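*Asks:* The following block contains the structure, expressed as structure tokens.
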Amino acid sequence: MTLRIYGAPRSRTFRVLWAAEELGIPYENIPVDFAEGSKKPEYLAINPNGRIPAIDDDGFVLFESLAITMYLARKHGNGKLYPSSPQAEACLWQWSLWGANEIEVPMVQWIGNRFVLPPEKRNEAIAAEAEAKLPRPMGVLDAHLATREHILGAGGFTIADLNVASLVYTAWFNKGDLSRWPQVQAWLDRVLTRPAALKARKLREG
Ligand SMILES: N[C@@H](CCC(=O)N[C@@H](CS)C(=O)NCC(=O)O)C(=O)O
């Protein structure tokens, strides 16, 4: 059965679409929106959290976007995108969990309240507080990328880059000020213009 990717491209589903494009996996994108669609009983049977994305891979159902990208890369990567040594694999987990824990929430709150939400729904206090949380983790990422082109180093682009870049994508796309972190900015310019990223971005950005 073709891989089913549930979710709207303009959401965290983008990460999974990008991974599928990088890996060349045939897929069907089942459009589920993050409001009513994700709360319908038939979707809650797939992801009881009522959030997108989720996948159904020949009967194997999985939610959590970063877990999905790592699963797909490990299954379909054939030595590409997913690291083979336990140490490099652990670094992939480290950076993915780091991204989800250290930058995802402040990034969403900063960009959402500064650029994305309708003006009447934006809260500048939340935007400012969230932005103030970013220099510490973004400084760590910037220093890391100062001595390597990709997050896991010499092995080239991996799913670690995809996971972390997709967390910062919203700031990059909405032209949030990333010039404070020039290595991150240059790395995003590189990875988000890869052919597979462009295909997924076309779905997301229209
Ligand atoms: N940690 C989850 C978060 C998923 C998530 O919050 N998705 C949003 C859309 S980007 C959603 O479904 N929101 C609807 C809701 O929270 O009710 C993941 O990475 O998959």
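In the structure tokens, chains take the letters A, B, ... in the order shown, each chain's residues start at 1, and ligands count up from 1 in the order shown.
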As a count of residues only, please: all residues of segment 9-83 of chain A that backbone DSSP puts in helix (DSSP H, G or I).
*Replies:* 30
*Asks:* Neighbours of ligand 1 within 9 Å, counting only C-alpha atoms and all ligand atoms, as a list in words?
*Replies:*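 Protein and nucleic-acid residues within 9 Å of ligand 1: Gly7, Ala8, Arg10, Ser11, Arg12, Thr13, Phe14, Arg15, Asp33, Phe34, Ala35, Glu36, Ser38, Lys39, Asn49, Gly50, Arg51, Ile52, Pro53, Ala54, Phe63, Glu64, Ser65, Leu66, Ala67, Ile68 and Ala100 of chain A.
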*Asks:* Looking at A:Leu23, A:Leu203, A:Ala143, A:Val116, which one is nearest to Asn78 of chain A, with distances taken over only C-alpha atoms?
*Replies:*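 Among the listed residues, the smallest separation from Asn78 of chain A belongs to A:Leu23.
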*Asks:* Give me the residues within 12 Å of Gly153 of chain A as a list of chain:residue names, counting only C-alpha atoms and dropping any in the same chain fewer than 4 places off.
*Replies:*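 Those residues are A:Pro83, A:Ala88, A:Cys91, A:Leu92, A:His144, A:Leu145, A:Ala146, A:Thr147, A:Arg148, A:Glu149, A:Phe157, A:Thr158, A:Ala160, A:Asp161.
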*Asks:* Could the residues in this selection be written to a file with N, CA and C atoms, as a short mmCIF file (atom, residue, chain, number, x, y, z; two decimals), in the first residue's frame?
*Replies:*
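So out33.cif came out as:
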```
data_model
loop_
_atom_site.label_atom_id
_atom_site.label_comp_id
_atom_site.auth_asym_id
_atom_site.auth_seq_id
_atom_site.Cartn_x
_atom_site.Cartn_y
_atom_site.Cartn_z
N PRO A 83 22.06 7.95 9.71
CA PRO A 83 23.43 7.53 10.02
C PRO A 83 23.50 6.06 10.43
N ALA A 88 26.54 8.26 15.71
CA ALA A 88 25.92 9.26 14.82
C ALA A 88 24.40 9.21 14.94
N CYS A 91 23.51 11.12 17.90
CA CYS A 91 23.58 12.57 17.65
C CYS A 91 22.33 13.04 16.89
N LEU A 92 21.83 12.20 15.99
CA LEU A 92 20.58 12.54 15.30
C LEU A 92 19.45 12.70 16.31
N HIS A 144 27.81 25.37 16.37
CA HIS A 144 27.97 24.00 15.85
C HIS A 144 28.21 24.04 14.34
N LEU A 145 27.44 24.89 13.65
CA LEU A 145 27.52 24.92 12.18
C LEU A 145 28.71 25.74 11.68
N ALA A 146 29.39 26.43 12.59
CA ALA A 146 30.56 27.23 12.17
C ALA A 146 31.69 26.33 11.70
N THR A 147 31.71 25.08 12.15
CA THR A 147 32.84 24.21 11.80
C THR A 147 32.41 23.00 10.96
N ARG A 148 31.17 22.97 10.52
CA ARG A 148 30.70 21.85 9.68
C ARG A 148 29.54 22.32 8.81
N GLU A 149 29.43 21.69 7.64
CA GLU A 149 28.38 22.11 6.70
C GLU A 149 27.03 21.54 7.06
N PHE A 157 24.23 15.88 4.10
CA PHE A 157 22.86 16.14 4.54
C PHE A 157 22.22 14.86 5.09
N THR A 158 21.62 14.95 6.27
CA THR A 158 20.91 13.81 6.87
C THR A 158 19.56 14.29 7.40
N ALA A 160 18.86 14.65 10.29
CA ALA A 160 19.08 15.61 11.39
C ALA A 160 18.95 17.04 10.86
N ASP A 161 19.51 17.28 9.67
CA ASP A 161 19.38 18.61 9.08
C ASP A 161 17.91 18.91 8.79
#
```
*Asks:* Which residue out of A:Met1, A:Leu162, A:Leu72, A:Ile46 has the minimum interatomic distance to Ala20 of chain A when only C-alpha atoms are used?
*Replies:* A:Leu72
*Asks:* Excluding same-chain residues fewer than 2 positions from Asn174 of chain A, what lies within 10 Å of it counting only C-alpha atoms, as a list in words?
*Replies:* Ile111, Gly112, Arg114, Phe115, Val116, Tyr169, Thr170, Ala171, Trp172, Gly176 and Asp177 of chain A
*Asks:* Would you export the selected residues with N, CA, C and O atoms as a PDB file, in the first residue's frame, please?
*Replies:*
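The resulting again_29.pdb:
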```pdb
ATOM      1  N   ILE A 111       7.275  33.692  15.760  1.00  0.00           N
ATOM      2  CA  ILE A 111       6.883  33.950  14.373  1.00  0.00           C
ATOM      3  C   ILE A 111       5.357  34.068  14.243  1.00  0.00           C
ATOM      4  O   ILE A 111       4.853  34.916  13.518  1.00  0.00           O
ATOM      5  N   GLY A 112       4.640  33.236  14.990  1.00  0.00           N
ATOM      6  CA  GLY A 112       3.179  33.311  14.929  1.00  0.00           C
ATOM      7  C   GLY A 112       2.668  34.672  15.348  1.00  0.00           C
ATOM      8  O   GLY A 112       1.853  35.290  14.657  1.00  0.00           O
ATOM      9  N   ARG A 114       4.345  37.466  15.621  1.00  0.00           N
ATOM     10  CA  ARG A 114       4.958  38.611  14.946  1.00  0.00           C
ATOM     11  C   ARG A 114       4.486  38.710  13.495  1.00  0.00           C
ATOM     12  O   ARG A 114       4.291  39.798  12.969  1.00  0.00           O
ATOM     13  N   PHE A 115       4.292  37.551  12.828  1.00  0.00           N
ATOM     14  CA  PHE A 115       4.054  37.589  11.376  1.00  0.00           C
ATOM     15  C   PHE A 115       2.831  36.809  10.885  1.00  0.00           C
ATOM     16  O   PHE A 115       2.241  37.173   9.882  1.00  0.00           O
ATOM     17  N   VAL A 116       2.513  35.671  11.500  1.00  0.00           N
ATOM     18  CA  VAL A 116       1.607  34.719  10.854  1.00  0.00           C
ATOM     19  C   VAL A 116       0.137  34.930  11.233  1.00  0.00           C
ATOM     20  O   VAL A 116      -0.741  34.916  10.369  1.00  0.00           O
ATOM     21  N   TYR A 169      12.377  26.641   9.828  1.00  0.00           N
ATOM     22  CA  TYR A 169      11.848  27.043   8.519  1.00  0.00           C
ATOM     23  C   TYR A 169      10.869  28.219   8.627  1.00  0.00           C
ATOM     24  O   TYR A 169      10.920  29.149   7.833  1.00  0.00           O
ATOM     25  N   THR A 170       9.984  28.143   9.617  1.00  0.00           N
ATOM     26  CA  THR A 170       8.945  29.170   9.710  1.00  0.00           C
ATOM     27  C   THR A 170       9.554  30.572   9.887  1.00  0.00           C
ATOM     28  O   THR A 170       9.067  31.549   9.318  1.00  0.00           O
ATOM     29  N   ALA A 171      10.652  30.662  10.630  1.00  0.00           N
ATOM     30  CA  ALA A 171      11.314  31.962  10.795  1.00  0.00           C
ATOM     31  C   ALA A 171      11.985  32.376   9.483  1.00  0.00           C
ATOM     32  O   ALA A 171      11.914  33.535   9.061  1.00  0.00           O
ATOM     33  N   TRP A 172      12.628  31.415   8.833  1.00  0.00           N
ATOM     34  CA  TRP A 172      13.321  31.687   7.568  1.00  0.00           C
ATOM     35  C   TRP A 172      12.309  32.143   6.514  1.00  0.00           C
ATOM     36  O   TRP A 172      12.517  33.148   5.836  1.00  0.00           O
ATOM     37  N   GLY A 176      11.871  36.300   9.564  1.00  0.00           N
ATOM     38  CA  GLY A 176      12.268  36.693  10.915  1.00  0.00           C
ATOM     39  C   GLY A 176      13.767  36.983  10.894  1.00  0.00           C
ATOM     40  O   GLY A 176      14.491  36.428  10.059  1.00  0.00           O
ATOM     41  N   ASP A 177      14.234  37.809  11.798  1.00  0.00           N
ATOM     42  CA  ASP A 177      15.642  38.211  11.762  1.00  0.00           C
ATOM     43  C   ASP A 177      16.546  37.069  12.221  1.00  0.00           C
ATOM     44  O   ASP A 177      16.703  36.823  13.410  1.00  0.00           O
TER      45      ASP A 177
END
```
*Asks:* In terms of the shortest atom-to-atom distance over only C-alpha atoms, which of A:Ala196, A:Ile30, A:Ala165, A:Ile55 is closest to Tyr71 of chain A?
*Replies:*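 Closest to Tyr71 of chain A of all the choices is A:Ile55.
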*Asks:* For Val191 of chain A, which residue out of A:Gly206, A:Gly139, A:Gly79, A:Gly156 is the nearest one, using only C-alpha atoms?
*Replies:* A:Gly156
*Asks:* Do you know which residues are at most 10 Å from Gly24 of chain A counting only C-alpha atoms, after dropping those on the same chain fewer than 5 positions away, and could you put them as a list of chain:residue names?
*Replies:*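 Neighbouring residues, sequence-local ones excluded: A:Trp18, A:Ala19, A:His76, A:Gly77, A:Ala196.
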